[in-house]
>>> print(open('work39.txt').read())   # compact mmCIF, N, CA and C atoms
# COMPACT_ATOMS: atom_id res chain seq x y z
N THR A 283 31.98 9.86 19.87
CA THR A 283 31.15 8.76 19.41
C THR A 283 31.44 7.52 20.24
N HIS A 284 30.47 6.66 20.29
CA HIS A 284 30.63 5.40 21.01
C HIS A 284 31.33 4.40 20.12
N THR A 285 32.23 3.66 20.71
CA THR A 285 32.89 2.61 19.94
C THR A 285 32.58 1.28 20.57
N ARG A 286 32.37 0.34 19.72
CA ARG A 286 32.10 -1.00 20.20
C ARG A 286 32.80 -1.97 19.27
N THR A 287 33.64 -2.77 19.80
CA THR A 287 34.46 -3.73 19.07
C THR A 287 35.20 -3.06 17.91
N GLY A 288 35.68 -1.85 18.16
CA GLY A 288 36.51 -1.20 17.16
C GLY A 288 35.76 -0.45 16.09
N THR A 289 34.43 -0.50 16.05
CA THR A 289 33.68 0.23 15.03
C THR A 289 32.92 1.36 15.69
N SER A 290 32.71 2.42 14.94
CA SER A 290 32.00 3.58 15.44
C SER A 290 30.52 3.44 15.09
N LEU A 291 29.66 3.64 16.09
CA LEU A 291 28.22 3.56 15.88
C LEU A 291 27.56 4.90 16.19
N ASN A 292 26.45 5.14 15.55
CA ASN A 292 25.62 6.28 15.88
C ASN A 292 25.17 6.12 17.33
N PRO A 293 25.17 7.18 18.15
CA PRO A 293 24.76 7.03 19.55
C PRO A 293 23.35 6.47 19.72
N LYS A 294 22.43 6.82 18.80
CA LYS A 294 21.07 6.28 18.89
C LYS A 294 21.06 4.78 18.59
N LEU A 295 21.85 4.36 17.64
CA LEU A 295 21.93 2.93 17.34
C LEU A 295 22.59 2.18 18.50
N TYR A 296 23.55 2.81 19.12
CA TYR A 296 24.21 2.20 20.27
C TYR A 296 23.21 2.00 21.41
N LYS A 297 22.38 3.03 21.68
CA LYS A 297 21.37 2.93 22.73
C LYS A 297 20.33 1.89 22.37
N ALA A 298 19.94 1.82 21.10
CA ALA A 298 18.95 0.83 20.66
C ALA A 298 19.51 -0.57 20.80
N GLU A 299 20.79 -0.73 20.61
CA GLU A 299 21.41 -2.04 20.76
C GLU A 299 21.51 -2.42 22.25
N GLU A 300 21.73 -1.42 23.10
CA GLU A 300 21.80 -1.66 24.54
C GLU A 300 20.44 -2.03 25.12
N ALA A 301 19.41 -1.28 24.73
CA ALA A 301 18.06 -1.49 25.27
C ALA A 301 17.07 -1.55 24.10
N PRO A 302 16.88 -2.73 23.49
CA PRO A 302 16.06 -2.82 22.28
C PRO A 302 14.57 -2.59 22.53
N PHE A 303 14.11 -2.64 23.76
CA PHE A 303 12.69 -2.45 24.00
C PHE A 303 12.27 -0.98 23.94
N VAL A 304 13.20 -0.06 24.07
CA VAL A 304 12.87 1.36 23.98
C VAL A 304 12.41 1.72 22.56
N PRO A 305 13.16 1.40 21.51
CA PRO A 305 12.66 1.72 20.18
C PRO A 305 11.40 0.95 19.81
N VAL A 306 11.25 -0.27 20.33
CA VAL A 306 10.03 -1.03 20.07
C VAL A 306 8.83 -0.31 20.69
N GLY A 307 8.99 0.17 21.91
CA GLY A 307 7.92 0.91 22.58
C GLY A 307 7.58 2.20 21.86
N MET A 308 8.60 2.92 21.43
CA MET A 308 8.36 4.17 20.72
C MET A 308 7.68 3.93 19.37
N THR A 309 8.10 2.89 18.67
CA THR A 309 7.48 2.56 17.38
C THR A 309 6.03 2.14 17.59
N GLY A 310 5.78 1.35 18.61
CA GLY A 310 4.41 0.94 18.91
C GLY A 310 3.54 2.12 19.28
N PHE A 311 4.10 3.08 20.02
CA PHE A 311 3.36 4.29 20.39
C PHE A 311 2.94 5.05 19.15
N VAL A 312 3.87 5.29 18.24
CA VAL A 312 3.57 6.03 17.01
C VAL A 312 2.57 5.26 16.15
N ALA A 313 2.75 3.95 16.03
CA ALA A 313 1.83 3.14 15.22
C ALA A 313 0.43 3.15 15.83
N PHE A 314 0.34 3.06 17.15
CA PHE A 314 -0.96 3.04 17.80
C PHE A 314 -1.68 4.38 17.60
N ILE A 315 -0.95 5.49 17.76
CA ILE A 315 -1.53 6.82 17.56
C ILE A 315 -2.00 6.97 16.12
N ALA A 316 -1.19 6.57 15.15
CA ALA A 316 -1.57 6.68 13.74
C ALA A 316 -2.81 5.85 13.44
N ASN A 317 -2.86 4.65 13.98
CA ASN A 317 -4.02 3.78 13.76
C ASN A 317 -5.28 4.39 14.35
N GLU A 318 -5.19 4.89 15.55
CA GLU A 318 -6.37 5.47 16.19
C GLU A 318 -6.81 6.76 15.51
N LEU A 319 -5.88 7.55 14.99
CA LEU A 319 -6.27 8.76 14.27
C LEU A 319 -6.98 8.41 12.97
N CYS A 320 -6.56 7.34 12.32
CA CYS A 320 -7.25 6.91 11.10
C CYS A 320 -8.65 6.39 11.42
N LYS A 321 -8.81 5.75 12.59
CA LYS A 321 -10.11 5.22 12.98
C LYS A 321 -11.00 6.26 13.65
N SER A 322 -10.52 7.49 13.82
CA SER A 322 -11.27 8.49 14.58
C SER A 322 -12.57 8.89 13.89
N LYS A 323 -12.72 8.63 12.61
CA LYS A 323 -13.97 8.96 11.91
C LYS A 323 -15.11 8.07 12.36
N CYS A 324 -14.79 6.88 12.84
CA CYS A 324 -15.81 5.90 13.26
C CYS A 324 -15.94 5.84 14.78
N ARG A 325 -15.77 6.94 15.46
CA ARG A 325 -15.77 6.91 16.92
C ARG A 325 -17.16 6.93 17.52
N GLY A 326 -18.20 7.11 16.72
CA GLY A 326 -19.57 7.09 17.22
C GLY A 326 -19.92 8.37 17.95
N ASN A 327 -20.56 8.24 19.11
CA ASN A 327 -21.01 9.41 19.88
C ASN A 327 -19.93 9.98 20.79
N THR A 328 -18.76 9.38 20.79
CA THR A 328 -17.68 9.83 21.68
C THR A 328 -17.16 11.18 21.22
N LYS A 329 -17.01 12.10 22.17
CA LYS A 329 -16.45 13.41 21.83
C LYS A 329 -14.98 13.24 21.44
N MET A 330 -14.50 14.14 20.61
CA MET A 330 -13.13 14.04 20.11
C MET A 330 -12.12 14.13 21.25
N CYS A 331 -12.34 15.01 22.22
CA CYS A 331 -11.37 15.15 23.32
C CYS A 331 -11.30 13.86 24.15
N VAL A 332 -12.43 13.22 24.38
CA VAL A 332 -12.43 11.97 25.13
C VAL A 332 -11.73 10.88 24.32
N HIS A 333 -11.98 10.86 23.02
CA HIS A 333 -11.32 9.87 22.15
C HIS A 333 -9.80 10.07 22.17
N LEU A 334 -9.33 11.32 22.12
CA LEU A 334 -7.89 11.59 22.15
C LEU A 334 -7.27 11.19 23.48
N ILE A 335 -7.97 11.46 24.58
CA ILE A 335 -7.44 11.09 25.89
C ILE A 335 -7.33 9.57 26.00
N GLN A 336 -8.37 8.85 25.59
CA GLN A 336 -8.33 7.39 25.64
C GLN A 336 -7.22 6.84 24.76
N MET A 337 -7.03 7.46 23.60
CA MET A 337 -5.99 7.01 22.67
C MET A 337 -4.60 7.20 23.28
N CYS A 338 -4.38 8.35 23.89
CA CYS A 338 -3.06 8.61 24.49
C CYS A 338 -2.80 7.70 25.68
N VAL A 339 -3.81 7.46 26.50
CA VAL A 339 -3.63 6.57 27.65
C VAL A 339 -3.31 5.15 27.19
N ALA A 340 -4.01 4.68 26.16
CA ALA A 340 -3.75 3.34 25.65
C ALA A 340 -2.35 3.24 25.04
N ALA A 341 -1.93 4.27 24.31
CA ALA A 341 -0.60 4.25 23.70
C ALA A 341 0.49 4.29 24.78
N GLN A 342 0.29 5.10 25.81
CA GLN A 342 1.26 5.15 26.90
C GLN A 342 1.29 3.83 27.65
N GLY A 343 0.15 3.19 27.78
CA GLY A 343 0.11 1.87 28.42
C GLY A 343 0.92 0.85 27.63
N PHE A 344 0.85 0.95 26.30
CA PHE A 344 1.66 0.06 25.47
C PHE A 344 3.14 0.28 25.72
N VAL A 345 3.55 1.54 25.81
CA VAL A 345 4.97 1.85 26.04
C VAL A 345 5.41 1.35 27.42
N VAL A 346 4.58 1.58 28.44
CA VAL A 346 4.93 1.13 29.79
C VAL A 346 5.01 -0.40 29.83
N GLY A 347 4.08 -1.07 29.17
CA GLY A 347 4.13 -2.53 29.11
C GLY A 347 5.37 -3.04 28.42
N THR A 348 5.75 -2.40 27.34
CA THR A 348 6.97 -2.79 26.62
C THR A 348 8.21 -2.56 27.48
N MET A 349 8.26 -1.43 28.17
CA MET A 349 9.40 -1.16 29.04
C MET A 349 9.45 -2.15 30.20
N THR A 350 8.29 -2.54 30.72
CA THR A 350 8.25 -3.52 31.80
C THR A 350 8.76 -4.87 31.33
N LEU A 351 8.33 -5.28 30.14
CA LEU A 351 8.85 -6.53 29.58
C LEU A 351 10.37 -6.46 29.38
N GLY A 352 10.84 -5.31 28.90
CA GLY A 352 12.28 -5.14 28.70
C GLY A 352 13.06 -5.22 30.00
N MET A 353 12.54 -4.59 31.05
CA MET A 353 13.22 -4.64 32.35
C MET A 353 13.19 -6.06 32.91
N GLY A 354 12.06 -6.72 32.76
CA GLY A 354 11.97 -8.10 33.23
C GLY A 354 12.93 -9.01 32.50
N TYR A 355 13.04 -8.82 31.18
CA TYR A 355 13.97 -9.63 30.39
C TYR A 355 15.41 -9.36 30.79
N SER A 356 15.75 -8.09 30.98
CA SER A 356 17.14 -7.77 31.35
C SER A 356 17.45 -8.29 32.76
N MET A 357 16.49 -8.23 33.67
CA MET A 357 16.72 -8.77 35.01
C MET A 357 16.88 -10.29 34.95
N TYR A 358 16.08 -10.94 34.12
CA TYR A 358 16.20 -12.39 33.96
C TYR A 358 17.57 -12.77 33.42
N THR A 359 18.01 -12.08 32.36
CA THR A 359 19.30 -12.43 31.77
C THR A 359 20.45 -12.10 32.71
N GLU A 360 20.29 -11.07 33.54
CA GLU A 360 21.38 -10.69 34.43
C GLU A 360 21.48 -11.58 35.67
N PHE A 361 20.33 -11.94 36.23
CA PHE A 361 20.36 -12.66 37.50
C PHE A 361 20.08 -14.15 37.39
N CYS A 362 19.20 -14.56 36.49
CA CYS A 362 18.78 -15.97 36.45
C CYS A 362 19.49 -16.77 35.38
N ALA A 363 19.78 -16.16 34.24
CA ALA A 363 20.35 -16.91 33.12
C ALA A 363 21.86 -17.04 33.21
N LYS A 364 22.49 -16.26 34.07
CA LYS A 364 23.94 -16.35 34.20
C LYS A 364 24.32 -17.63 34.93
N PRO A 365 25.31 -18.33 34.46
CA PRO A 365 25.78 -19.49 35.23
C PRO A 365 26.48 -19.02 36.50
N LYS A 366 26.22 -19.72 37.58
CA LYS A 366 26.83 -19.35 38.85
C LYS A 366 28.27 -19.80 38.91
N PRO A 367 29.16 -18.93 39.42
CA PRO A 367 30.59 -19.30 39.45
C PRO A 367 30.91 -20.34 40.49
>>> encode(input="work39.txt", output="structure tokens")
Amino acid sequence: THTRTGTSLNPKLYKAEEAPFVPVGMTGFVAFIANELCKSKCRGNTKMCVHLIQMCVAAQGFVVGTMTLGMGYSMYTEFCAKPKP
């Protein structure tokens, strides 16, 4: 198990604490898919396969955007926000 400051943490919680944008992206992906599946009855003339493809692409785009924001934030805190010695 991973230890941090003398306490034992679940490895998933440890990873979530290290990179908080990963669970945010995964949660957004699941929420987006659930929302679109609930709205699938009102899709109009769109075929179901096209609707599913568009839904998955949009959800993956959300995850990629979240990961990009996370990487940008971590690069900012590592390189720009540190006081220079």
>>> residues_around(input="work39.txt", residues="Met349 of chain A", least_positions_apart="4", cutoff="10 Å", atoms="only C-alpha atoms", output="list in words")
Ala301, Pro302, Phe303, Val304, Pro305, Val306, Gly307, Met308, Gly343, Phe344, Val345, Met353, Gly354 and Tyr355 of chain A
>>> select_by_dssp(input="work39.txt", residues="chain A", states="strand (DSSP E or B)", output="ChimeraX atom specification")
/A:284-286,289-291
>>> write_last_selection(input="work39.txt", atoms="N, CA and C atoms", output="tab-separated table (two decimals), keeping the file's coordinate frame")
chain	number	residue	atom	x	y	z
A	284	HIS	N	30.47	6.66	20.29
A	284	HIS	CA	30.63	5.40	21.01
A	284	HIS	C	31.33	4.40	20.12
A	285	THR	N	32.23	3.66	20.71
A	285	THR	CA	32.89	2.61	19.94
A	285	THR	C	32.58	1.28	20.57
A	286	ARG	N	32.37	0.34	19.72
A	286	ARG	CA	32.10	-1.00	20.20
A	286	ARG	C	32.80	-1.97	19.27
A	289	THR	N	34.43	-0.50	16.05
A	289	THR	CA	33.68	0.23	15.03
A	289	THR	C	32.92	1.36	15.69
A	290	SER	N	32.71	2.42	14.94
A	290	SER	CA	32.00	3.58	15.44
A	290	SER	C	30.52	3.44	15.09
A	291	LEU	N	29.66	3.64	16.09
A	291	LEU	CA	28.22	3.56	15.88
A	291	LEU	C	27.56	4.90	16.19
>>> select_by_dssp(input="work39.txt", residues="chain A", states="alpha helix (DSSP H)", output="PyMOL selection string")
chain A and resi 293-300+303-320+330-357
>>> atom_distance(input="work39.txt", atom1="atom CA of Ala298 of chain A", atom2="atom CA of Leu351 of chain A")
15.4 Å
>>> axis_aligned_box(input="work39.txt", around="segment 295-311 of chain A", padding_each_side="4 Å", output="AutoDock Vina command-line options")
--center_x 13.6 --center_y 1.1 --center_z 21.3 --size_x 29.3 --size_y 15.9 --size_z 15.9
>>> residues_around(input="work39.txt", residues="segment 330-337 of chain A", least_positions_apart="4", cutoff="8 Å", atoms="all atoms listed in the file", output="list in words")
Phe314, Ile315, Glu318, Leu319, Ser322, Arg325, Ala341, Gln342 and Gly343 of chain A
>>> atom_distance(input="work39.txt", atom1="atom CA of Thr309 of chain A", atom2="atom CA of Gly347 of chain A")
13.2 Å
>>> atom_distance(input="work39.txt", atom1="atom N of Lys329 of chain A", atom2="atom CA of Val346 of chain A")
25.7 Å
>>> decode(input="work39.txt", residues="segment 343-359 of chain A", atoms="all heavy atoms", output="PDB file, in the first residue's frame")
ATOM      1  N   GLY A 343     -14.091  13.701 -25.994  1.00  0.00           N
ATOM      2  CA  GLY A 343     -13.580  15.069 -26.086  1.00  0.00           C
ATOM      3  C   GLY A 343     -13.582  15.755 -24.731  1.00  0.00           C
ATOM      4  O   GLY A 343     -12.674  16.513 -24.398  1.00  0.00           O
ATOM      5  N   PHE A 344     -14.619  15.484 -23.938  1.00  0.00           N
ATOM      6  CA  PHE A 344     -14.662  16.039 -22.583  1.00  0.00           C
ATOM      7  C   PHE A 344     -13.498  15.520 -21.755  1.00  0.00           C
ATOM      8  O   PHE A 344     -12.832  16.286 -21.055  1.00  0.00           O
ATOM      9  CB  PHE A 344     -15.992  15.674 -21.906  1.00  0.00           C
ATOM     10  CG  PHE A 344     -16.092  16.149 -20.497  1.00  0.00           C
ATOM     11  CD1 PHE A 344     -16.440  17.459 -20.220  1.00  0.00           C
ATOM     12  CD2 PHE A 344     -15.820  15.304 -19.433  1.00  0.00           C
ATOM     13  CE1 PHE A 344     -16.522  17.912 -18.912  1.00  0.00           C
ATOM     14  CE2 PHE A 344     -15.898  15.746 -18.131  1.00  0.00           C
ATOM     15  CZ  PHE A 344     -16.249  17.054 -17.874  1.00  0.00           C
ATOM     16  N   VAL A 345     -13.222  14.222 -21.856  1.00  0.00           N
ATOM     17  CA  VAL A 345     -12.122  13.634 -21.085  1.00  0.00           C
ATOM     18  C   VAL A 345     -10.778  14.207 -21.536  1.00  0.00           C
ATOM     19  O   VAL A 345      -9.938  14.579 -20.711  1.00  0.00           O
ATOM     20  CB  VAL A 345     -12.131  12.094 -21.207  1.00  0.00           C
ATOM     21  CG1 VAL A 345     -10.894  11.482 -20.569  1.00  0.00           C
ATOM     22  CG2 VAL A 345     -13.383  11.525 -20.567  1.00  0.00           C
ATOM     23  N   VAL A 346     -10.579  14.322 -22.847  1.00  0.00           N
ATOM     24  CA  VAL A 346      -9.319  14.870 -23.357  1.00  0.00           C
ATOM     25  C   VAL A 346      -9.157  16.327 -22.919  1.00  0.00           C
ATOM     26  O   VAL A 346      -8.067  16.752 -22.524  1.00  0.00           O
ATOM     27  CB  VAL A 346      -9.254  14.730 -24.889  1.00  0.00           C
ATOM     28  CG1 VAL A 346      -8.095  15.523 -25.468  1.00  0.00           C
ATOM     29  CG2 VAL A 346      -9.128  13.277 -25.275  1.00  0.00           C
ATOM     30  N   GLY A 347     -10.237  17.091 -22.967  1.00  0.00           N
ATOM     31  CA  GLY A 347     -10.181  18.482 -22.511  1.00  0.00           C
ATOM     32  C   GLY A 347      -9.836  18.587 -21.041  1.00  0.00           C
ATOM     33  O   GLY A 347      -9.034  19.433 -20.629  1.00  0.00           O
ATOM     34  N   THR A 348     -10.423  17.723 -20.237  1.00  0.00           N
ATOM     35  CA  THR A 348     -10.133  17.721 -18.804  1.00  0.00           C
ATOM     36  C   THR A 348      -8.680  17.339 -18.542  1.00  0.00           C
ATOM     37  O   THR A 348      -8.014  17.965 -17.710  1.00  0.00           O
ATOM     38  CB  THR A 348     -11.074  16.745 -18.069  1.00  0.00           C
ATOM     39  OG1 THR A 348     -12.416  17.082 -18.383  1.00  0.00           O
ATOM     40  CG2 THR A 348     -10.874  16.800 -16.579  1.00  0.00           C
ATOM     41  N   MET A 349      -8.189  16.337 -19.253  1.00  0.00           N
ATOM     42  CA  MET A 349      -6.793  15.930 -19.086  1.00  0.00           C
ATOM     43  C   MET A 349      -5.843  17.043 -19.540  1.00  0.00           C
ATOM     44  O   MET A 349      -4.804  17.260 -18.919  1.00  0.00           O
ATOM     45  CB  MET A 349      -6.517  14.648 -19.881  1.00  0.00           C
ATOM     46  CG  MET A 349      -7.308  13.451 -19.392  1.00  0.00           C
ATOM     47  SD  MET A 349      -6.800  12.904 -17.791  1.00  0.00           S
ATOM     48  CE  MET A 349      -5.230  12.203 -18.170  1.00  0.00           C
ATOM     49  N   THR A 350      -6.209  17.757 -20.602  1.00  0.00           N
ATOM     50  CA  THR A 350      -5.382  18.861 -21.071  1.00  0.00           C
ATOM     51  C   THR A 350      -5.329  19.978 -20.037  1.00  0.00           C
ATOM     52  O   THR A 350      -4.256  20.543 -19.762  1.00  0.00           O
ATOM     53  CB  THR A 350      -5.923  19.401 -22.408  1.00  0.00           C
ATOM     54  OG1 THR A 350      -5.961  18.326 -23.349  1.00  0.00           O
ATOM     55  CG2 THR A 350      -5.061  20.517 -22.943  1.00  0.00           C
ATOM     56  N   LEU A 351      -6.483  20.304 -19.461  1.00  0.00           N
ATOM     57  CA  LEU A 351      -6.494  21.305 -18.391  1.00  0.00           C
ATOM     58  C   LEU A 351      -5.640  20.857 -17.205  1.00  0.00           C
ATOM     59  O   LEU A 351      -4.915  21.658 -16.619  1.00  0.00           O
ATOM     60  CB  LEU A 351      -7.928  21.569 -17.922  1.00  0.00           C
ATOM     61  CG  LEU A 351      -8.797  22.374 -18.867  1.00  0.00           C
ATOM     62  CD1 LEU A 351     -10.230  22.431 -18.340  1.00  0.00           C
ATOM     63  CD2 LEU A 351      -8.248  23.770 -19.024  1.00  0.00           C
ATOM     64  N   GLY A 352      -5.733  19.579 -16.862  1.00  0.00           N
ATOM     65  CA  GLY A 352      -4.932  19.056 -15.754  1.00  0.00           C
ATOM     66  C   GLY A 352      -3.447  19.131 -16.021  1.00  0.00           C
ATOM     67  O   GLY A 352      -2.658  19.519 -15.154  1.00  0.00           O
ATOM     68  N   MET A 353      -3.042  18.793 -17.246  1.00  0.00           N
ATOM     69  CA  MET A 353      -1.621  18.875 -17.595  1.00  0.00           C
ATOM     70  C   MET A 353      -1.155  20.323 -17.604  1.00  0.00           C
ATOM     71  O   MET A 353      -0.058  20.634 -17.144  1.00  0.00           O
ATOM     72  CB  MET A 353      -1.365  18.222 -18.956  1.00  0.00           C
ATOM     73  CG  MET A 353      -1.470  16.720 -18.933  1.00  0.00           C
ATOM     74  SD  MET A 353      -0.313  15.947 -17.801  1.00  0.00           S
ATOM     75  CE  MET A 353       1.230  16.425 -18.513  1.00  0.00           C
ATOM     76  N   GLY A 354      -1.984  21.206 -18.133  1.00  0.00           N
ATOM     77  CA  GLY A 354      -1.626  22.621 -18.136  1.00  0.00           C
ATOM     78  C   GLY A 354      -1.485  23.171 -16.733  1.00  0.00           C
ATOM     79  O   GLY A 354      -0.550  23.924 -16.432  1.00  0.00           O
ATOM     80  N   TYR A 355      -2.401  22.775 -15.854  1.00  0.00           N
ATOM     81  CA  TYR A 355      -2.335  23.228 -14.462  1.00  0.00           C
ATOM     82  C   TYR A 355      -1.086  22.687 -13.767  1.00  0.00           C
ATOM     83  O   TYR A 355      -0.387  23.423 -13.065  1.00  0.00           O
ATOM     84  CB  TYR A 355      -3.588  22.785 -13.712  1.00  0.00           C
ATOM     85  CG  TYR A 355      -3.551  23.117 -12.246  1.00  0.00           C
ATOM     86  CD1 TYR A 355      -3.731  24.423 -11.813  1.00  0.00           C
ATOM     87  CD2 TYR A 355      -3.322  22.126 -11.289  1.00  0.00           C
ATOM     88  CE1 TYR A 355      -3.687  24.740 -10.470  1.00  0.00           C
ATOM     89  CE2 TYR A 355      -3.275  22.432  -9.948  1.00  0.00           C
ATOM     90  CZ  TYR A 355      -3.464  23.732  -9.544  1.00  0.00           C
ATOM     91  OH  TYR A 355      -3.410  24.037  -8.209  1.00  0.00           O
ATOM     92  N   SER A 356      -0.785  21.412 -13.984  1.00  0.00           N
ATOM     93  CA  SER A 356       0.396  20.845 -13.326  1.00  0.00           C
ATOM     94  C   SER A 356       1.681  21.466 -13.882  1.00  0.00           C
ATOM     95  O   SER A 356       2.627  21.693 -13.127  1.00  0.00           O
ATOM     96  CB  SER A 356       0.425  19.329 -13.469  1.00  0.00           C
ATOM     97  OG  SER A 356       0.608  18.958 -14.813  1.00  0.00           O
ATOM     98  N   MET A 357       1.717  21.759 -15.178  1.00  0.00           N
ATOM     99  CA  MET A 357       2.901  22.422 -15.740  1.00  0.00           C
ATOM    100  C   MET A 357       3.036  23.836 -15.184  1.00  0.00           C
ATOM    101  O   MET A 357       4.149  24.288 -14.900  1.00  0.00           O
ATOM    102  CB  MET A 357       2.812  22.449 -17.262  1.00  0.00           C
ATOM    103  CG  MET A 357       3.043  21.105 -17.901  1.00  0.00           C
ATOM    104  SD  MET A 357       2.737  21.062 -19.668  1.00  0.00           S
ATOM    105  CE  MET A 357       3.827  22.323 -20.255  1.00  0.00           C
ATOM    106  N   TYR A 358       1.914  24.529 -15.032  1.00  0.00           N
ATOM    107  CA  TYR A 358       1.951  25.875 -14.463  1.00  0.00           C
ATOM    108  C   TYR A 358       2.469  25.850 -13.034  1.00  0.00           C
ATOM    109  O   TYR A 358       3.339  26.642 -12.667  1.00  0.00           O
ATOM    110  CB  TYR A 358       0.559  26.507 -14.508  1.00  0.00           C
ATOM    111  CG  TYR A 358       0.492  27.815 -13.767  1.00  0.00           C
ATOM    112  CD1 TYR A 358       1.029  28.972 -14.314  1.00  0.00           C
ATOM    113  CD2 TYR A 358      -0.087  27.885 -12.504  1.00  0.00           C
ATOM    114  CE1 TYR A 358       0.990  30.171 -13.634  1.00  0.00           C
ATOM    115  CE2 TYR A 358      -0.127  29.079 -11.810  1.00  0.00           C
ATOM    116  CZ  TYR A 358       0.406  30.227 -12.374  1.00  0.00           C
ATOM    117  OH  TYR A 358       0.365  31.400 -11.687  1.00  0.00           O
ATOM    118  N   THR A 359       1.936  24.930 -12.217  1.00  0.00           N
ATOM    119  CA  THR A 359       2.374  24.883 -10.822  1.00  0.00           C
ATOM    120  C   THR A 359       3.827  24.437 -10.705  1.00  0.00           C
ATOM    121  O   THR A 359       4.523  24.861  -9.785  1.00  0.00           O
ATOM    122  CB  THR A 359       1.484  23.947  -9.986  1.00  0.00           C
ATOM    123  OG1 THR A 359       1.489  22.646 -10.559  1.00  0.00           O
ATOM    124  CG2 THR A 359       0.070  24.479  -9.894  1.00  0.00           C
TER     125      THR A 359
END
